[in-house]
Structure formats: structure tokens, C-alpha cells
$ cat my_file_26.txt   # compact mmCIF, C-alpha atoms
# COMPACT_ATOMS: atom_id res chain seq x y z
CA MET A 265 24.43 -11.67 28.54
CA ASP A 266 22.58 -12.15 25.27
CA LEU A 267 24.30 -11.10 22.06
CA LEU A 268 21.49 -8.70 21.27
CA ASP A 269 21.72 -6.99 24.65
CA ASN A 270 25.08 -5.52 23.64
CA TYR A 271 23.62 -4.18 20.46
CA LYS A 272 20.63 -2.88 22.31
CA LYS A 273 22.95 -0.86 24.48
CA ALA A 274 24.56 0.62 21.39
CA TRP A 275 21.10 1.35 20.03
CA LYS A 276 20.11 3.20 23.16
CA ASN A 277 23.28 5.26 23.13
CA GLN A 278 23.02 6.23 19.49
CA PRO A 279 23.29 9.95 18.93
CA GLU A 280 20.23 11.96 18.07
CA GLU A 281 19.66 12.78 14.41
CA ALA A 282 22.21 15.35 13.33
CA SER A 283 19.93 17.21 10.96
CA LYS A 284 16.89 17.73 13.15
CA ARG A 285 13.94 19.48 11.54
CA SER A 286 12.78 22.78 12.94
CA THR A 287 9.09 23.48 13.59
CA ILE A 288 9.02 25.60 10.43
CA GLU A 289 10.39 22.73 8.37
CA ILE A 290 7.92 20.34 10.00
CA TYR A 291 5.10 22.75 9.16
CA LYS A 292 6.13 22.80 5.51
CA LEU A 293 6.47 19.01 5.36
CA ALA A 294 3.10 18.44 7.05
CA HIS A 295 1.40 20.58 4.42
CA SER A 296 3.09 19.05 1.44
CA ARG A 297 1.47 16.59 -0.94
CA SER A 298 1.21 12.97 0.10
CA ALA A 299 2.54 10.30 -2.24
CA SER A 300 1.16 7.33 -0.35
CA ILE A 301 0.06 4.06 -1.93
CA VAL A 302 -3.49 4.71 -0.73
CA LYS A 303 -3.63 7.94 -2.66
CA TRP A 304 -2.41 6.21 -5.81
CA ILE A 305 -4.95 3.44 -5.41
CA PHE A 306 -7.67 6.05 -5.13
CA ILE A 307 -6.53 7.99 -8.21
CA ILE A 308 -6.05 4.88 -10.34
CA GLY A 309 -9.38 3.47 -9.14
CA ILE A 310 -11.22 6.64 -10.19
CA LEU A 311 -9.39 6.59 -13.53
CA GLU A 312 -10.49 3.00 -14.11
CA PHE A 313 -14.13 3.89 -13.48
CA LEU A 314 -13.79 6.86 -15.83
CA ILE A 315 -11.97 5.05 -18.63
CA LEU A 316 -14.29 2.04 -18.65
CA ASN A 317 -17.31 4.33 -18.84
CA THR A 318 -15.86 6.58 -21.52
CA LEU A 319 -15.29 3.46 -23.61
CA SER A 320 -18.92 2.39 -23.32
CA PHE A 321 -19.98 5.95 -24.09
CA PHE A 322 -18.10 5.82 -27.39
CA MET A 323 -19.71 2.55 -28.28
CA ASP A 324 -23.15 3.98 -27.56
CA ASN A 325 -23.61 5.83 -30.83
CA ASP A 326 -26.40 5.97 -33.39
CA LYS A 327 -24.85 3.46 -35.72
CA THR A 328 -24.56 0.85 -33.01
CA ASN A 329 -28.15 1.53 -31.97
CA GLU A 330 -29.32 1.08 -35.54
CA GLU A 331 -27.58 -2.23 -35.81
CA LEU A 332 -28.95 -3.36 -32.47
CA ASN A 333 -32.43 -2.42 -33.72
CA THR A 334 -32.09 -4.56 -36.80
CA LEU A 335 -30.98 -7.39 -34.58
CA GLY A 336 -33.98 -6.87 -32.31
CA LEU A 337 -31.83 -6.29 -29.25
CA GLU A 338 -32.78 -2.70 -28.44
CA SER A 339 -35.08 -3.49 -25.51
CA PHE A 340 -32.52 -5.90 -24.12
CA ILE A 341 -29.88 -3.16 -24.21
CA PHE A 342 -32.30 -0.67 -22.67
CA TYR A 343 -33.02 -2.79 -19.58
CA PHE A 344 -29.47 -3.91 -19.48
CA SER A 345 -28.31 -0.27 -19.19
CA PHE A 346 -30.46 0.19 -16.10
CA VAL A 347 -28.86 -2.75 -14.37
CA TYR A 348 -25.42 -1.69 -15.58
CA TYR A 349 -25.60 1.83 -14.13
CA GLY A 350 -27.08 0.49 -10.92
CA VAL A 351 -24.12 -1.83 -10.53
CA LEU A 352 -21.73 0.99 -11.42
CA ALA A 353 -23.25 3.20 -8.69
CA TYR A 354 -22.98 0.33 -6.22
CA PHE A 355 -19.28 -0.17 -6.97
CA LEU A 356 -18.49 3.53 -6.87
CA ILE A 357 -20.15 3.98 -3.48
CA LEU A 358 -18.52 0.85 -2.11
CA PHE A 359 -15.13 1.97 -3.41
CA TYR A 360 -15.48 5.39 -1.81
CA LEU A 361 -16.67 4.02 1.53
CA ASN A 362 -13.84 1.48 1.62
CA TYR A 363 -11.35 4.21 0.79
CA LYS A 364 -12.70 6.46 3.56
CA ARG A 365 -12.38 3.63 6.05
CA ILE A 366 -8.62 3.41 5.57
CA SER A 367 -6.98 4.88 8.63
CA VAL A 368 -3.32 4.94 9.49
CA ILE A 369 -4.33 4.90 13.17
CA ASP A 370 -5.61 1.35 12.86
CA ASN A 371 -3.23 -1.42 13.74
CA THR A 372 -0.94 -2.55 10.91
CA ARG A 373 -2.91 -5.64 10.05
CA VAL A 374 -6.30 -3.93 9.86
CA LEU A 375 -4.81 -1.06 7.87
CA MET A 376 -3.30 -3.38 5.27
CA LYS A 377 -6.52 -5.34 5.03
CA LYS A 378 -8.56 -2.19 4.41
CA ILE A 379 -6.18 -1.06 1.67
CA LEU A 380 -6.37 -4.44 -0.02
CA VAL A 381 -10.18 -4.52 0.25
CA THR A 382 -10.44 -1.07 -1.38
CA ARG A 383 -8.28 -2.25 -4.20
CA LYS A 384 -10.38 -5.40 -4.51
CA THR A 385 -13.55 -3.35 -5.09
CA VAL A 386 -12.06 -1.87 -8.26
CA LYS A 387 -10.82 -5.27 -9.33
CA GLN A 388 -14.31 -6.72 -8.98
CA TYR A 389 -15.71 -3.83 -10.99
CA VAL A 390 -13.21 -4.46 -13.76
CA ILE A 391 -14.01 -8.18 -13.79
CA PHE A 392 -17.71 -7.33 -13.90
CA ASN A 393 -17.04 -5.10 -16.91
CA LEU A 394 -15.00 -7.72 -18.72
CA VAL A 395 -17.66 -10.37 -18.18
CA ILE A 396 -20.38 -8.00 -19.39
CA THR A 397 -18.34 -7.08 -22.48
CA ALA A 398 -17.73 -10.73 -23.28
CA LEU A 399 -21.42 -11.47 -22.77
CA ILE A 400 -22.54 -8.68 -25.09
CA VAL A 401 -20.07 -9.73 -27.77
CA LEU A 402 -21.38 -13.29 -27.56
CA ILE A 403 -25.04 -12.28 -27.61
CA VAL A 404 -24.58 -9.93 -30.56
CA THR A 405 -22.58 -12.56 -32.44
CA ILE A 406 -25.12 -15.30 -31.85
CA THR A 407 -28.04 -13.08 -32.84
CA THR A 408 -26.25 -11.90 -35.97
CA LEU A 409 -25.41 -15.43 -36.96
CA GLN A 410 -28.97 -16.57 -36.33
CA ASN A 411 -30.30 -13.80 -38.55
CA GLU A 412 -27.82 -14.46 -41.29
CA PHE A 413 -27.46 -18.20 -40.97
CA ASP A 414 -28.54 -18.89 -44.54
CA ILE A 415 -26.08 -16.44 -46.02
CA VAL A 416 -23.04 -17.48 -44.06
CA GLY A 417 -23.39 -21.24 -44.08
CA GLY A 418 -22.50 -23.89 -41.48
CA THR A 419 -18.73 -24.30 -41.69
CA ASN A 420 -18.14 -20.57 -41.81
CA ILE A 421 -20.10 -20.11 -38.60
CA ILE A 422 -17.77 -22.34 -36.68
CA LEU A 423 -14.84 -20.39 -38.10
CA ILE A 424 -16.38 -17.05 -37.16
CA ILE A 425 -17.14 -18.23 -33.62
CA LEU A 426 -13.59 -19.50 -33.28
CA ILE A 427 -12.10 -16.21 -34.47
CA ILE A 428 -14.28 -14.24 -32.05
CA LEU A 429 -13.38 -16.52 -29.18
CA VAL A 430 -9.66 -16.18 -29.92
CA LEU A 431 -9.95 -12.40 -30.10
CA LEU A 432 -11.88 -12.36 -26.84
CA VAL A 433 -9.34 -14.49 -25.03
CA LEU A 434 -6.52 -12.38 -26.47
CA THR A 435 -8.09 -9.10 -25.30
CA LEU A 436 -8.79 -10.47 -21.84
CA GLY A 437 -5.25 -11.82 -21.66
CA ILE A 438 -3.70 -8.47 -22.52
CA MET A 439 -5.88 -6.67 -19.95
CA TRP A 440 -5.01 -9.24 -17.32
CA LEU A 441 -1.28 -8.74 -18.01
CA PHE A 442 -1.68 -4.97 -17.79
CA TYR A 443 -3.36 -5.33 -14.41
CA GLN A 444 -0.75 -7.68 -13.10
CA LEU A 445 1.89 -5.11 -13.99
CA LEU A 446 0.08 -2.04 -12.67
CA TYR A 447 -0.99 -3.48 -9.35
CA GLY A 448 1.98 -5.73 -9.00
CA PHE A 449 4.01 -2.56 -9.05
CA LEU A 450 1.77 -0.80 -6.52
CA LEU A 451 0.82 -3.59 -4.17
CA LYS A 452 3.64 -6.09 -4.22
CA LYS A 453 5.13 -4.86 -0.95
CA LEU A 454 1.75 -4.63 0.74
CA ASN A 455 0.77 -8.15 -0.29
CA ILE A 456 4.04 -9.58 0.97
CA ASN A 457 3.74 -7.78 4.29
CA TYR A 458 0.12 -8.76 4.75
CA LYS A 459 0.93 -12.39 4.11
CA GLU A 460 3.82 -12.16 6.55
CA LEU A 461 1.52 -10.91 9.31
CA ALA A 462 -1.28 -13.32 8.42
CA LYS A 463 1.17 -16.22 8.39
CA LEU A 464 1.95 -15.36 11.96
CA ASP A 465 -1.59 -16.07 13.06
CA THR A 466 -2.09 -19.32 11.21
CA ASN A 467 1.29 -20.83 12.08
CA SER A 468 0.95 -20.94 15.81
CA MET B 166 -8.58 26.55 17.50
CA GLN B 167 -6.92 25.18 14.37
CA LYS B 168 -3.89 27.33 15.07
CA ASP B 169 -3.60 26.01 18.64
CA LEU B 170 -3.87 22.46 17.41
CA GLU B 171 -1.25 23.08 14.78
CA ASN B 172 1.16 24.61 17.26
CA LYS B 173 0.67 21.70 19.61
CA PHE B 174 1.31 19.28 16.77
CA LEU B 175 4.49 21.10 15.73
CA LEU B 176 5.87 21.04 19.26
CA ASP B 177 4.90 17.41 19.86
CA PHE B 178 6.34 16.32 16.55
CA GLU B 179 9.54 18.26 16.92
CA ALA B 180 10.16 16.83 20.37
CA ASN B 181 9.58 13.27 19.16
CA GLN B 182 11.12 13.45 15.70
CA ASN B 183 13.97 11.19 16.70
CA ILE B 184 11.55 8.24 16.68
CA VAL B 185 10.68 9.06 13.08
CA HIS B 186 14.34 9.40 12.10
CA LYS B 187 15.11 5.99 13.55
CA ILE B 188 12.23 4.43 11.61
CA CYS B 189 13.45 6.13 8.43
CA ARG B 190 16.94 4.76 9.00
CA ILE B 191 15.51 1.26 9.37
CA TYR B 192 13.25 1.34 6.35
CA THR B 193 15.43 3.26 3.92
CA THR B 194 19.04 3.02 2.85
CA ASN B 195 19.84 6.44 1.45
CA LYS B 196 19.30 10.04 2.32
CA ASP B 197 16.72 10.85 -0.39
CA ALA B 198 14.52 7.95 0.61
CA HIS B 199 14.98 8.87 4.27
CA ASN B 200 13.71 12.38 3.55
CA ASP B 201 10.81 11.06 1.45
CA LEU B 202 9.64 8.72 4.17
CA PHE B 203 10.13 11.41 6.84
CA GLN B 204 7.93 13.72 4.79
CA GLU B 205 5.19 11.12 4.33
CA ILE B 206 5.18 10.30 8.05
CA THR B 207 4.94 14.01 8.91
CA ILE B 208 1.94 14.35 6.55
CA GLN B 209 0.21 11.32 8.04
CA VAL B 210 0.80 12.34 11.65
CA TRP B 211 -0.56 15.81 10.96
CA LYS B 212 -3.54 14.51 8.95
CA ASN B 213 -4.52 12.26 11.84
CA TYR B 214 -3.50 14.52 14.69
CA LEU B 215 -7.13 15.57 15.26
CA LYS B 216 -7.95 11.95 16.03
CA PHE B 217 -5.22 11.74 18.64
CA ARG B 218 -7.21 11.86 21.84
CA GLY B 219 -4.42 12.15 24.30
CA ASP B 220 -5.50 9.06 26.21
CA SER B 221 -2.18 7.54 25.28
CA LYS B 222 1.19 9.22 25.14
CA PHE B 223 1.83 11.12 21.91
CA SER B 224 5.01 9.15 21.32
CA THR B 225 3.15 5.81 21.64
CA TRP B 226 0.58 7.00 19.14
CA MET B 227 3.28 8.25 16.83
CA TYR B 228 5.07 4.90 16.81
CA ARG B 229 1.95 3.37 15.29
CA VAL B 230 1.34 6.06 12.67
CA ALA B 231 5.01 6.18 11.67
CA LEU B 232 5.42 2.40 11.43
CA ASN B 233 2.15 2.04 9.51
CA THR B 234 3.29 4.66 7.06
CA ALA B 235 6.65 2.97 6.58
CA ILE B 236 5.15 -0.52 6.18
CA SER B 237 1.91 0.11 4.30
CA LEU B 238 1.73 3.57 2.77
CA TYR B 239 5.21 4.38 1.66
CA ARG B 240 6.29 3.30 -1.78
CA LYS B 241 9.96 3.46 -2.48
CA SER B 242 10.84 6.47 -4.53
CA THR B 243 11.00 5.85 -8.24
CA ARG B 244 14.12 7.95 -8.39
CA LYS B 245 17.02 5.71 -9.29
CA VAL B 246 19.41 5.53 -6.40
CA LYS B 247 22.59 3.57 -6.39
CA THR B 248 22.55 1.16 -3.50
CA GLN B 249 26.30 1.32 -3.13
CA ASP B 250 26.30 4.97 -2.17
CA PHE B 251 25.27 4.35 1.40
CA SER B 252 27.56 3.04 4.04
CA ALA B 253 25.20 1.87 6.75
CA ILE B 254 24.43 5.04 8.62
CA ALA B 255 27.64 6.87 8.00
CA TYR B 256 25.84 9.94 6.75
CA LYS B 257 23.87 10.30 9.92
CA ILE B 258 26.45 10.10 12.61
CA GLU B 259 28.37 13.25 13.10
CA SER B 260 31.10 14.14 15.47
CA THR B 261 29.46 13.34 18.74
CA PRO B 262 31.76 12.11 21.49
CA TYR B 263 31.05 8.48 21.12
CA GLU B 264 32.51 5.19 22.12
CA ASP B 265 34.17 3.53 19.19
CA THR B 266 33.00 -0.05 19.70
CA GLU B 267 29.45 1.11 20.14
CA GLU B 268 29.61 3.02 16.90
CA ILE B 269 30.81 -0.09 15.09
CA GLN B 270 28.10 -2.15 16.76
CA LEU B 271 25.46 0.38 15.78
CA LYS B 272 26.54 0.33 12.16
CA ALA B 273 26.52 -3.46 12.14
CA LEU B 274 23.09 -3.45 13.76
CA TYR B 275 21.58 -1.12 11.15
CA ALA B 276 23.17 -3.10 8.34
CA ALA B 277 21.74 -6.32 9.78
CA ILE B 278 18.27 -4.81 10.26
CA HIS B 279 18.27 -3.74 6.61
CA ARG B 280 18.37 -7.41 5.68
CA LEU B 281 15.14 -8.22 7.56
CA ASN B 282 11.69 -8.02 6.00
CA ASP B 283 9.36 -5.11 6.80
CA ILE B 284 7.47 -6.91 9.57
CA GLU B 285 10.63 -8.21 11.20
CA LYS B 286 12.05 -4.70 11.08
CA ALA B 287 9.03 -3.40 12.97
CA LEU B 288 9.31 -6.14 15.58
CA ILE B 289 13.03 -5.61 16.14
CA PHE B 290 12.59 -1.84 16.25
CA LEU B 291 9.92 -2.11 18.95
CA TYR B 292 12.11 -4.55 20.87
CA LEU B 293 15.08 -2.18 20.71
CA GLU B 294 12.82 0.63 21.90
CA ASP B 295 11.84 -1.50 24.90
CA LYS B 296 8.17 -1.69 24.03
CA PRO B 297 6.13 -4.22 26.01
CA TYR B 298 4.56 -7.15 24.13
CA LYS B 299 1.10 -5.74 24.75
CA GLU B 300 1.97 -2.61 22.83
CA ILE B 301 3.77 -4.53 20.10
CA SER B 302 0.82 -6.85 19.49
CA GLU B 303 -1.65 -3.96 19.54
CA THR B 304 0.42 -1.92 17.12
CA LEU B 305 0.76 -4.75 14.60
CA GLY B 306 -2.72 -6.19 15.16
CA ILE B 307 -1.63 -9.69 16.13
CA THR B 308 -2.11 -11.70 19.29
CA ASN B 309 0.33 -11.48 22.17
CA VAL B 310 1.41 -15.09 21.68
CA ASN B 311 2.07 -14.55 18.00
CA ALA B 312 4.00 -11.40 18.71
CA ARG B 313 6.29 -13.44 20.99
CA VAL B 314 6.70 -16.27 18.49
CA LYS B 315 7.47 -13.91 15.65
CA MET B 316 9.75 -11.80 17.81
CA ASN B 317 11.83 -14.82 18.75
CA ARG B 318 12.20 -15.76 15.11
CA ALA B 319 13.15 -12.23 14.13
CA LYS B 320 15.72 -12.06 16.93
CA GLU B 321 17.21 -15.40 15.87
CA LYS B 322 17.45 -14.20 12.30
CA LEU B 323 19.08 -10.96 13.41
CA LYS B 324 21.59 -12.82 15.60
CA ASN B 325 22.51 -15.08 12.69
CA ILE B 326 23.16 -12.08 10.49
CA LEU B 327 25.19 -10.31 13.18
CA ASN B 328 27.15 -13.37 14.17
CA PRO B 329 27.12 -15.90 11.34
$ encode --input "my_file_26.txt" --output "C-alpha cells"
Amino acid sequence: MDLLDNYKKAWKNQPEEASKRSTIEIYKLAHSRSASIVKWIFIIGILEFLILNTLSFFMDNDKTNEELNTLGLESFIFYFSFVYYGVLAYFLILFYLNYKRISVIDNTRVLMKKILVTRKTVKQYVIFNLVITALIVLIVTITTLQNEFDIVGGTNIILIILIILVLLVLTLGIMWLFYQLLYGFLLKKLNINYKELAKLDTNS
Amino acid sequence: MQKDLENKFLLDFEANQNIVHKICRIYTTNKDAHNDLFQEITIQVWKNYLKFRGDSKFSTWMYRVALNTAISLYRKSTRKVKTQDFSAIAYKIESTPYEDTEEIQLKALYAAIHRLNDIEKALIFLYLEDKPYKEISETLGITNVNARVKMNRAKEKLKNILNP
């Protein structure tokens, strides 16, 4: 007889749970608030959309507009906003649809994949935002420097570009670290388990 | 209608709650976490009960929802819990007339299972519950062949832990 067969017998004979829940207790539990990873991903995702857009709202004030006007960028920003909000709507809808598709009735592998895909939508949105921010910073800098080339002078320009680049890399680095921490905390287990199941299919 | 459904759910769940308790024992190591996971599984089973069509047995369906919750949805409680304060499953077994060697074996088995990863736990649990490979592969979403390969590895690992 196999070693595990003995243990299996013990497993089968194990006593029923001593503190069984009554139907009333089950009722209360069933109607309590879920604390699942999926729910957290949804809440954090919505927060990310909100925070990123509140930030751009703050930047969109009269003074900035004035400066953009003097730089001759106002029409660029105008068309750019159209595209930006279109992309935002696209990501929001995609995020919501992906979230709705998550079902605990799916098999384990499909379920994990759907959770990870939902999370990925927000990640792509954040990357999109970072790239756009970097792009705007660069465009504004270049235009400013072009306009004021004579005042600033050649060597200073290189210095200014360097400083801006360093600041940009620093900001992106800090955000990246923050994300690693936040989602590492939330999704570490899920990622490990998904890899474990996926490994199964590629190994044999 | 809703009331009927709810009553049916309560009766079904109550009758099959032992499955959930066993899963909680496998995936958690202390009473608080056990209760947390039990609660989350109850929520998920109820939330999805409408989608249970009755073309499979309720218990079969519940295995999937409960395991999925334990593996993919449940995040260990942030409450700090000392890992030393559990002794295998001592807190669960009460004074049932029970063969001594089997009780020792059961404790050793739970302790060994706790050292497996989440996927291996699911495989071993389904094996101990006598689930056919077809059901195991469908529950986890892997092919039958892979289920067998992975099961053999998990069993080997478990044996090595039990009998080093």
C-alpha cells in the first residue's frame, strides 16, 4: 500500500468541523462585505483614473494656458485634449468590461488570467499617462528654449536639458517603485500561482 | 423568488460547509484567517449562486468556487498573527471518539500540506477528496495530462515531507 493511502484514510475519517455555522450565521456571512483582491484592484484602479485626472485638471489653469499661448502651443494642446479624453474613455470602458468578466465560476487558470488582464489595463493607462507627461514636458521645454535661445545661450541649454532629463527620470523612477510596492503587495500571490499553473502546460 | 433562492442556498451551503472548512484548514494556519477565508467563500458562493444551474452537483460546483476564492481572491489578513500559535489543527479537533494513530497522521498530513504551494495544495486536496482527473483538470483549467504530471509531482513532494 502506498504511503499516501494511509494518510488518505485518516483524511477520510477526520471529524466534521466542530464549530459548524448555522444557517443564520451563513446568512450573515453571505451578506457581509467582500475583501477580495478583485475588489481592491477595482477600487485602486478607479482611484488611479481619478488621481491622474485630478492632477491634469490642476495643471489646466489660466496661467498655464497663457504661457502655452505665448509659446504658440494652444492649438496643439486643444487637439491633444481631444485625443487624450478619447483614450481615457477607451481605457475606462476596457477596464470596466475586463472587471465585469471576472468570474469565480471560471476555472482557476482563466480566473487568474482575467484578474491579471484587468490589472494590466490600468497599468497600460498609467504608462500612457507617463509617456504623455514626458512628451509634453519635452515639447514645452524645446519650444521654450527655441523661443529664448538667444537669451539663454548654447552651453546653458545643454545644462537645462540635462537637468530636465534627470528630473524626468527621477520622477518616473519613484512612480515605478511605488507601483512595484502597491501591486507587488496585491498581486504577488496571484502572479506566483498563475506562473505555477502556466508552467504546468509548457513543461510537458 | 429571491427568498426561495436564498433559502435553498442556505440549506445547500450548510449541508456542504465541511468542504469549505477543509479548504480553510489547508489554506490558512490560524483561526482568524480560517474565519476570514470562510467568510469570503460564503460571500462568493452566494454572489454566484444564481449562476449555479444545477446541471452539476452543488458540492462539485462549490469545490470550484471555494478553491478559486482561496487561491485567487483571498488575500491574507493584514492582522498580525503569530505563526507559532497554531499547532497543526489542534484547535479544530474536539473530543470525538477517534483512533489515536489516525489523529496523529491527520495532524502530520495538514502540517505537510501547509508546506506545499497554493496549486499543489489544490491538487492534493482534490486527490484526498477522491476527485477524478477530469474534474481536477476542469477545475484548475489545465489539460488532463498536465493534471496527472503535476499531481505526481505534488504527491512526491508531499511524501518527502511526510517521510523524509
$ closest_atom_pairs --input "my_file_26.txt" --of "chain A" --to "chain B" --cutoff "6 Å" --atoms "only C-alpha atoms" --output "JSON lines"
{"residue": "A:Lys272", "atom": "CA", "partner": "B:Leu293", "partner_atom": "CA", "distance": 5.8}
{"residue": "A:Ala274", "atom": "CA", "partner": "B:Glu267", "partner_atom": "CA", "distance": 5.1}
{"residue": "A:Thr287", "atom": "CA", "partner": "B:Leu175", "partner_atom": "CA", "distance": 5.6}
{"residue": "A:Leu293", "atom": "CA", "partner": "B:Gln204", "partner_atom": "CA", "distance": 5.5}
{"residue": "A:Ala294", "atom": "CA", "partner": "B:Ile208", "partner_atom": "CA", "distance": 4.3}
{"residue": "A:Ser300", "atom": "CA", "partner": "B:Leu238", "partner_atom": "CA", "distance": 4.9}
{"residue": "A:Ile301", "atom": "CA", "partner": "B:Leu238", "partner_atom": "CA", "distance": 5.0}
{"residue": "A:Val368", "atom": "CA", "partner": "B:Val230", "partner_atom": "CA", "distance": 5.8}
{"residue": "A:Ile369", "atom": "CA", "partner": "B:Val230", "partner_atom": "CA", "distance": 5.8}
{"residue": "A:Asn371", "atom": "CA", "partner": "B:Thr304", "partner_atom": "CA", "distance": 5.0}
{"residue": "A:Thr372", "atom": "CA", "partner": "B:Leu305", "partner_atom": "CA", "distance": 4.6}
{"residue": "A:Arg373", "atom": "CA", "partner": "B:Gly306", "partner_atom": "CA", "distance": 5.1}
{"residue": "A:Leu454", "atom": "CA", "partner": "B:Ser237", "partner_atom": "CA", "distance": 5.9}
$ write_last_selection --input "my_file_26.txt" --atoms "C-alpha atoms" --output "mmCIF file, keeping the file's coordinate frame"
data_model
loop_
_atom_site.group_PDB
_atom_site.id
_atom_site.type_symbol
_atom_site.label_atom_id
_atom_site.label_comp_id
_atom_site.auth_asym_id
_atom_site.auth_seq_id
_atom_site.Cartn_x
_atom_site.Cartn_y
_atom_site.Cartn_z
ATOM 1 C CA LYS A 272 20.630 -2.880 22.310
ATOM 2 C CA ALA A 274 24.560 0.620 21.390
ATOM 3 C CA THR A 287 9.090 23.480 13.590
ATOM 4 C CA LEU A 293 6.470 19.010 5.360
ATOM 5 C CA ALA A 294 3.100 18.440 7.050
ATOM 6 C CA SER A 300 1.160 7.330 -0.350
ATOM 7 C CA ILE A 301 0.060 4.060 -1.930
ATOM 8 C CA VAL A 368 -3.320 4.940 9.490
ATOM 9 C CA ILE A 369 -4.330 4.900 13.170
ATOM 10 C CA ASN A 371 -3.230 -1.420 13.740
ATOM 11 C CA THR A 372 -0.940 -2.550 10.910
ATOM 12 C CA ARG A 373 -2.910 -5.640 10.050
ATOM 13 C CA LEU A 454 1.750 -4.630 0.740
#
$ residues_around --input "my_file_26.txt" --residues "A:Leu332" --least-positions-apart "6" --cutoff "10 Å" --atoms "all atoms listed in the file" --output "PyMOL selection string"
chain A and resi 326+338-341+404+407-408
$ residues_around --input "my_file_26.txt" --residues "B:Ile191" --least-positions-apart "2" --cutoff "8 Å" --atoms "all atoms listed in the file" --output "list in words"
Lys187, Ile188, Cys189, Thr193, Thr194, Tyr275, Ile278, His279 and Lys286 of chain B
$ write_last_selection --input "my_file_26.txt" --atoms "C-alpha atoms" --output "short mmCIF file (atom, residue, chain, number, x, y, z; two decimals), keeping the file's coordinate frame"
data_model
loop_
_atom_site.label_atom_id
_atom_site.label_comp_id
_atom_site.auth_asym_id
_atom_site.auth_seq_id
_atom_site.Cartn_x
_atom_site.Cartn_y
_atom_site.Cartn_z
CA LYS B 187 15.11 5.99 13.55
CA ILE B 188 12.23 4.43 11.61
CA CYS B 189 13.45 6.13 8.43
CA THR B 193 15.43 3.26 3.92
CA THR B 194 19.04 3.02 2.85
CA TYR B 275 21.58 -1.12 11.15
CA ILE B 278 18.27 -4.81 10.26
CA HIS B 279 18.27 -3.74 6.61
CA LYS B 286 12.05 -4.70 11.08
#
$ atom_distance --input "my_file_26.txt" --atom1 "atom CA of B:Tyr298" --atom2 "atom CA of A:Val302"
28.7 Å
$ atom_distance --input "my_file_26.txt" --atom1 "atom CA of B:Lys322" --atom2 "atom CA of A:Tyr271"
14.3 Å
$ atom_distance --input "my_file_26.txt" --atom1 "atom CA of A:Leu432" --atom2 "atom CA of A:Tyr447"
22.4 Å
$ closest_residue --input "my_file_26.txt" --among "A:Val374, A:Tyr389, A:Gly437, A:Ile424" --to "A:Ala353" --atoms "only C-alpha atoms"
A:Tyr389
$ closest_residue --input "my_file_26.txt" --among "A:Leu450, A:Ile366, A:Val386, A:Ala462" --to "A:Leu316" --atoms "only C-alpha atoms"
A:Val386
$ closest_residue --input "my_file_26.txt" --among "A:Leu434, A:Ile422, A:Ile403, A:Ala398" --to "A:Leu335" --atoms "only C-alpha atoms"
A:Ile403
$ build_atoms --input "my_file_26.txt" --residues "stretch 441-453 of chain A" --atoms "N, CA and C atoms" --output "PDB file, in the coordinates of the input"
ATOM      1  N   LEU A 441      -2.721  -9.000 -18.124  1.00  0.00           N
ATOM      2  CA  LEU A 441      -1.280  -8.740 -18.010  1.00  0.00           C
ATOM      3  C   LEU A 441      -1.036  -7.308 -17.546  1.00  0.00           C
ATOM      4  N   PHE A 442      -1.795  -6.377 -18.144  1.00  0.00           N
ATOM      5  CA  PHE A 442      -1.680  -4.970 -17.790  1.00  0.00           C
ATOM      6  C   PHE A 442      -1.963  -4.768 -16.301  1.00  0.00           C
ATOM      7  N   TYR A 443      -3.000  -5.448 -15.827  1.00  0.00           N
ATOM      8  CA  TYR A 443      -3.360  -5.330 -14.410  1.00  0.00           C
ATOM      9  C   TYR A 443      -2.316  -5.910 -13.493  1.00  0.00           C
ATOM     10  N   GLN A 444      -1.794  -7.052 -13.907  1.00  0.00           N
ATOM     11  CA  GLN A 444      -0.750  -7.680 -13.100  1.00  0.00           C
ATOM     12  C   GLN A 444       0.415  -6.715 -12.934  1.00  0.00           C
ATOM     13  N   LEU A 445       0.768  -6.038 -14.026  1.00  0.00           N
ATOM     14  CA  LEU A 445       1.890  -5.110 -13.990  1.00  0.00           C
ATOM     15  C   LEU A 445       1.587  -3.901 -13.125  1.00  0.00           C
ATOM     16  N   LEU A 446       0.441  -3.281 -13.377  1.00  0.00           N
ATOM     17  CA  LEU A 446       0.080  -2.040 -12.670  1.00  0.00           C
ATOM     18  C   LEU A 446      -0.024  -2.264 -11.171  1.00  0.00           C
ATOM     19  N   TYR A 447      -0.795  -3.279 -10.787  1.00  0.00           N
ATOM     20  CA  TYR A 447      -0.990  -3.480  -9.350  1.00  0.00           C
ATOM     21  C   TYR A 447       0.125  -4.277  -8.728  1.00  0.00           C
ATOM     22  N   GLY A 448       0.807  -5.049  -9.524  1.00  0.00           N
ATOM     23  CA  GLY A 448       1.980  -5.730  -9.000  1.00  0.00           C
ATOM     24  C   GLY A 448       2.981  -4.690  -8.526  1.00  0.00           C
ATOM     25  N   PHE A 449       3.102  -3.664  -9.335  1.00  0.00           N
ATOM     26  CA  PHE A 449       4.010  -2.560  -9.050  1.00  0.00           C
ATOM     27  C   PHE A 449       3.569  -1.815  -7.780  1.00  0.00           C
ATOM     28  N   LEU A 450       2.276  -1.577  -7.656  1.00  0.00           N
ATOM     29  CA  LEU A 450       1.770  -0.800  -6.520  1.00  0.00           C
ATOM     30  C   LEU A 450       1.674  -1.615  -5.225  1.00  0.00           C
ATOM     31  N   LEU A 451       1.247  -2.864  -5.369  1.00  0.00           N
ATOM     32  CA  LEU A 451       0.820  -3.590  -4.170  1.00  0.00           C
ATOM     33  C   LEU A 451       1.718  -4.755  -3.763  1.00  0.00           C
ATOM     34  N   LYS A 452       2.797  -4.936  -4.504  1.00  0.00           N
ATOM     35  CA  LYS A 452       3.640  -6.090  -4.220  1.00  0.00           C
ATOM     36  C   LYS A 452       4.079  -6.108  -2.745  1.00  0.00           C
ATOM     37  N   LYS A 453       4.613  -4.968  -2.309  1.00  0.00           N
ATOM     38  CA  LYS A 453       5.130  -4.860  -0.950  1.00  0.00           C
ATOM     39  C   LYS A 453       4.022  -5.120   0.074  1.00  0.00           C
TER      40      LYS A 453
END
